[in-house]
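Everything below concerns the one structure shown next.
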Amino acid sequence: MDAAEFRKRGKEMVDYVADYLEKIDKRQVFPDVEPGYLRPLIPDCAPQDPESFEDVFKDIEKIIMPGVTHWHSPYFFAYFPAASSFPALLADMLCGGIGCVGFSWAASPACTELETVMMDWLGKMINLPEEFLAGKDGQGGGVIQGSASEATLISLLAARTKTIRLVQSEKPELTEADIMGRLVAYASDQFCATLGTTPSCSFDKLLELGPICNKENIWMHIDAAYAGSAFICPEFRHLLNGVEFADSFNFNPHKWLLVNFDCSAMWVKKRSDLIGAFKLEPLYLQHHHHESGLVTDYRHWQIPLGRRFRSLKLWFVLRMYGVRGLQEHIRKHIRLSHQFEDLVLQDERFEICAEVILGLVCFRLKGSNELNKELLTSINEAKKIHLVPCHLREKFVLRFAICSRAVESTHVKFAWQHISQLATDLLKAWEQNHHQQHQQ
Ligand SMILES: *Cc1c(COP(=O)(O)O)cnc(C)c1O
């Protein structure tokens with residue numbers, strides 16, 4: 001493919017993606033395929049001779065789409081949202097075009113510097129304490145990780161190194177191995193301090209945890225993967241109170257802030273804590289500058305060496321939506337979750353299982369776990385909408401997460417009517433079963 005063909009095919013691909021997203025509500029949200037569906041549809045090994053773009057292109061609908069779960073369908077209510085927007089898609093295209101690997105400042109200065117500034121913009125949007133920002137010469141700062149899980153692991157590793165050095169400064173006779181075996185990490189069943197847990201979107205009490213961590217010299221990492229985006233709205237910012245006690249904080253714009261995967265935003269108060277844990281400097285990676293607020297080598301802030309130009313997505317989205325546009329997106333989703341909550345509450349057969357704070361509703365039929373498992377099965381087998389369950393204490397619970405950028409009140413109403421009808425059918429079948437067993 002030369003540049004001339006790329007121009008042509010690129011435009012075709014943009015049309016294909018625009019059509020896909022514009023008409024996504026016409027596709028069945030969850031695919032019909034069985035495990036192993038794909039292998040028989042394609043050759044056993046890569047082609048020896050090149051194929052044409054047309055050949056590849058026509059296989060998208062034939063081979064790929066039948067096995068796609070449509071996360072951006074307005075009938076998708078599973079997991080948590082996967083963010084997507086047109087500005088972010090375009091920025092990702094540019095990222096691919098530049099194709100740099102920005103592991104150090106010198107490896108691509110724009111890649112590093114835009115990321116530092118975007119992380120400051122984003123930090124200011126959620127009113128993070130000044131200490132977390134890089135500013136012109138701050139000790140803190142932000143970095144884009146691939147996922148919240150990576151951010152948590154990195155915090156753990158940085159905390160470990162920091163503690164080992166602290167103990168060694170007091171007791172130089174201890175080896176690293178001596179100390180390592182005695183370190184303690186405190187966690188709940190959700191692992192670290194969490195704002196917006198995955199099963200039910202509940203919130204840890206930072207104002208209780210934080211002072212204890214600070215007093216005992218314990219590194220506090222806060223995971224707000226999903227909920228963090230809501231803190232750009234002043235009315236939800238109070239949920240982040242207590243972040244001032246934390247050493248590191250993370251949330252995923254790729255969940256709820258219209259930035260396509262992957263973009264997990266992580267901040268630390270002391271960049272030296274991260275760099276201390278990860279710094280490696282072979283000769284071929286050294287350059288003339290020294291790490292400072294001005295020259296950041298992000299390879300010391302993450303597990304991999306290489307990194308993509310992910311801040312372009314943030315830059316495009318923050319500019320083209322503005323804070324106000326993003327706030328509207330968050331508020332709309334939260335309005336819709338309360339609409340769904342109201343519909344559930346009006347039906348005596350159902351109960352709400354956790355306080356609805358953001359865009360997630362946990363609900364179930366009053367009755368056994370078996371009954372609720374069957375309800376979920378019938379919902380997901382009908383494939384008109386898609387949901388996943390969770391366990392809250394001993395209870396099997398259905399999660400209804402507002403996900404799509406395009407979801408409207410009509411989709412939520414449809415989903416509820418559908419669930420309610422399936423519940424009616426299920427309860428009737430259960431009653432008949434019960435009746436028959438009684439007669440026998
Ligand atoms: C989604 C989620 C994660 C995992 O996010 P990744 O970026 O996929 O690793 C972690 N913690 C919470 C609370 C989440 O909701």
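Ordering of the structure tokens sets the chain letters (A, B, ...); residue numbers start at 1 within each chain; ligands are numbered from 1 in the order shown.
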
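All residues in range 188-218 of chain A with a DSSP state of alpha helix (DSSP H), computed from the backbone, read Leu206, Leu207, Glu208, Leu209, Gly210, Pro211, Ile212, Cys213, Asn214 and Lys215 of chain A.
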
Review point. Counting only C-alpha atoms and all ligand atoms, what residues are within 9 Å of ligand 1, given as a ChimeraX atom specification?
Key: /A:79-81,145-152,190-191,194-199,201,223-227,251-252,254-255,261-264

Practice item. Step one, run DSSP on the backbone; step two, keep only residues of range 359-420 of chain A assigned to strand (DSSP E); then write them as a count of residues only. Key: 18

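Residues with any atom within 9 Å of Leu257 in chain A, counting only C-alpha atoms and excluding same-chain neighbours fewer than 5 positions away, are Ala83, Ser84, Ser229, Ala230, Asn252, Val317, Leu326, His329 and Ile330 of chain A.
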
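Shortest separation to Met125 in chain A among A:His70, A:Leu21, A:Ala88, A:Gly322 occurs at residue A:Gly322, atoms counted being only C-alpha atoms.
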
Check your understanding: Looking at only C-alpha atoms, which of A:Val33, A:Ala78, A:Leu89, A:Ile144 is the one that sits closest to Met266 in chain A?
Key -> A:Ile144

Exercise for review: Write out as a ChimeraX atom specification each polymer residue whose atoms come within 8 Å of Leu422 in chain A, counting only C-alpha atoms; drop sequence neighbours fewer than 2 positions from it.
Suggested key: /A:375,378-379,418-420,424-426

File of the preceding selection, all heavy atoms, as an mmCIF file, in the first residue's frame:
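Output (result04.cif):
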data_model
loop_
_atom_site.group_PDB
_atom_site.id
_atom_site.type_symbol
_atom_site.label_atom_id
_atom_site.label_comp_id
_atom_site.auth_asym_id
_atom_site.auth_seq_id
_atom_site.Cartn_x
_atom_site.Cartn_y
_atom_site.Cartn_z
ATOM 1 N N LEU A 375 -33.045 -15.473 35.758
ATOM 2 C CA LEU A 375 -33.451 -14.211 35.118
ATOM 3 C C LEU A 375 -32.308 -13.677 34.254
ATOM 4 O O LEU A 375 -32.518 -13.303 33.092
ATOM 5 C CB LEU A 375 -33.849 -13.170 36.175
ATOM 6 C CG LEU A 375 -34.201 -11.790 35.604
ATOM 7 C CD1 LEU A 375 -35.409 -11.869 34.664
ATOM 8 C CD2 LEU A 375 -34.476 -10.779 36.726
ATOM 9 N N SER A 378 -31.961 -15.686 31.116
ATOM 10 C CA SER A 378 -32.968 -15.412 30.088
ATOM 11 C C SER A 378 -32.730 -14.051 29.440
ATOM 12 O O SER A 378 -32.944 -13.881 28.236
ATOM 13 C CB SER A 378 -34.386 -15.561 30.635
ATOM 14 O OG SER A 378 -34.666 -14.541 31.549
ATOM 15 N N ILE A 379 -32.232 -13.083 30.199
ATOM 16 C CA ILE A 379 -31.908 -11.771 29.607
ATOM 17 C C ILE A 379 -30.789 -11.923 28.579
ATOM 18 O O ILE A 379 -30.898 -11.456 27.444
ATOM 19 C CB ILE A 379 -31.467 -10.772 30.706
ATOM 20 C CG1 ILE A 379 -32.638 -10.417 31.623
ATOM 21 C CG2 ILE A 379 -30.888 -9.504 30.071
ATOM 22 C CD1 ILE A 379 -32.235 -9.651 32.880
ATOM 23 N N HIS A 418 -38.324 -4.928 28.925
ATOM 24 C CA HIS A 418 -37.850 -6.250 28.508
ATOM 25 C C HIS A 418 -37.536 -7.112 29.737
ATOM 26 O O HIS A 418 -37.995 -8.257 29.844
ATOM 27 C CB HIS A 418 -36.613 -6.050 27.628
ATOM 28 C CG HIS A 418 -35.980 -7.298 27.143
ATOM 29 N ND1 HIS A 418 -36.657 -8.245 26.393
ATOM 30 C CD2 HIS A 418 -34.724 -7.780 27.310
ATOM 31 C CE1 HIS A 418 -35.838 -9.245 26.123
ATOM 32 N NE2 HIS A 418 -34.657 -8.989 26.664
ATOM 33 N N ILE A 419 -36.791 -6.555 30.684
ATOM 34 C CA ILE A 419 -36.432 -7.304 31.897
ATOM 35 C C ILE A 419 -37.698 -7.675 32.672
ATOM 36 O O ILE A 419 -37.862 -8.810 33.140
ATOM 37 C CB ILE A 419 -35.489 -6.459 32.805
ATOM 38 C CG1 ILE A 419 -34.134 -6.254 32.116
ATOM 39 C CG2 ILE A 419 -35.318 -7.110 34.173
ATOM 40 C CD1 ILE A 419 -33.234 -5.221 32.783
ATOM 41 N N SER A 420 -38.601 -6.731 32.766
ATOM 42 C CA SER A 420 -39.827 -6.934 33.527
ATOM 43 C C SER A 420 -40.689 -8.045 32.904
ATOM 44 O O SER A 420 -41.238 -8.897 33.608
ATOM 45 C CB SER A 420 -40.533 -5.583 33.604
ATOM 46 O OG SER A 420 -41.875 -5.747 33.812
ATOM 47 N N THR A 424 -41.712 -11.694 34.452
ATOM 48 C CA THR A 424 -43.085 -12.205 34.508
ATOM 49 C C THR A 424 -43.133 -13.643 33.987
ATOM 50 O O THR A 424 -43.690 -14.538 34.633
ATOM 51 C CB THR A 424 -44.023 -11.318 33.650
ATOM 52 O OG1 THR A 424 -43.925 -9.982 34.145
ATOM 53 C CG2 THR A 424 -45.458 -11.793 33.712
ATOM 54 N N ASP A 425 -42.503 -13.870 32.832
ATOM 55 C CA ASP A 425 -42.482 -15.217 32.242
ATOM 56 C C ASP A 425 -41.802 -16.208 33.181
ATOM 57 O O ASP A 425 -42.289 -17.319 33.381
ATOM 58 C CB ASP A 425 -41.724 -15.212 30.902
ATOM 59 C CG ASP A 425 -42.396 -14.308 29.876
ATOM 60 O OD1 ASP A 425 -43.565 -13.911 30.106
ATOM 61 O OD2 ASP A 425 -41.745 -13.975 28.857
ATOM 62 N N LEU A 426 -40.697 -15.779 33.750
ATOM 63 C CA LEU A 426 -39.913 -16.663 34.613
ATOM 64 C C LEU A 426 -40.703 -17.025 35.872
ATOM 65 O O LEU A 426 -40.773 -18.197 36.263
ATOM 66 C CB LEU A 426 -38.599 -15.962 34.990
ATOM 67 C CG LEU A 426 -37.680 -16.727 35.931
ATOM 68 C CD1 LEU A 426 -37.156 -17.981 35.257
ATOM 69 C CD2 LEU A 426 -36.499 -15.838 36.347
#

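Of the listed residues A:Gly142, A:Gln421, A:Gly367, A:Tyr298, the one whose atoms come nearest to Ser104 in chain A is A:Tyr298, with distances taken using only C-alpha atoms.
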
Exercise for review: List the neighbours of Ser248 in chain A out to 6 Å using only C-alpha atoms; skip same-chain residues closer than 3 positions along the sequence, and give me the result as a PyMOL selection string.
Suggested key: chain A and resi 221+267-268

Output file for the residues above (N, CA and C atoms, as an mmCIF file, in the first residue's frame):
data_model
loop_
_atom_site.group_PDB
_atom_site.id
_atom_site.type_symbol
_atom_site.label_atom_id
_atom_site.label_comp_id
_atom_site.auth_asym_id
_atom_site.auth_seq_id
_atom_site.Cartn_x
_atom_site.Cartn_y
_atom_site.Cartn_z
ATOM 1 N N HIS A 221 -2.584 4.086 48.078
ATOM 2 C CA HIS A 221 -2.959 4.223 46.674
ATOM 3 C C HIS A 221 -4.475 4.184 46.581
ATOM 4 N N TRP A 267 -1.522 9.658 39.142
ATOM 5 C CA TRP A 267 -0.714 10.758 39.694
ATOM 6 C C TRP A 267 0.018 10.290 40.949
ATOM 7 N N VAL A 268 1.191 10.863 41.157
ATOM 8 C CA VAL A 268 1.917 10.639 42.413
ATOM 9 C C VAL A 268 2.298 11.989 43.005
#

Check your understanding: How many Å separate CA of Ile64 in chain A from CA of Arg39 in chain A?
Key -> 11.3 Å

**Study point:** Selection near Gly102 in chain A, 10 Å with only C-alpha atoms, sequence-local residues under 6 positions removed, as JSON, numbers by chain
**Key:** {"A": [108, 109, 110, 111, 112, 297, 298, 299, 305, 306, 307, 308, 309, 310]}

Exercise for review: Find the residues near range 208-214 of chain A: any atom within 7 Å, counting only C-alpha atoms, skip ones fewer than 6 places away on the same chain, and give them as a count of residues only.
Suggested key: 4

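A straight line drawn from CA of Asn369 in chain A to CA of Ile385 in chain A is 20.8 Å long.
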
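Distance check against Val243 in chain A using only C-alpha atoms: of A:Thr296, A:Gln346, A:Ser73, A:Asn127, the minimum falls on A:Asn127.
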
Study note, to complete from the structure: The residue from A:Ala106, A:Leu41, A:Val295, A:Ile218 with the smallest atom-to-atom distance to Leu183 in chain A, counting only C-alpha atoms, is A:Ile218

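For the residues A:Pro234, A:Ile24, A:Leu239, A:Ala193, ranking by smallest atom-to-atom distance to Lys124 in chain A using only C-alpha atoms places A:Pro234 first.
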
Exercise for review: May I ask for the distance between CA of Phe414 in chain A and CA of Cys390 in chain A, given in Å to one decimal place?
Suggested key: 22.5 Å
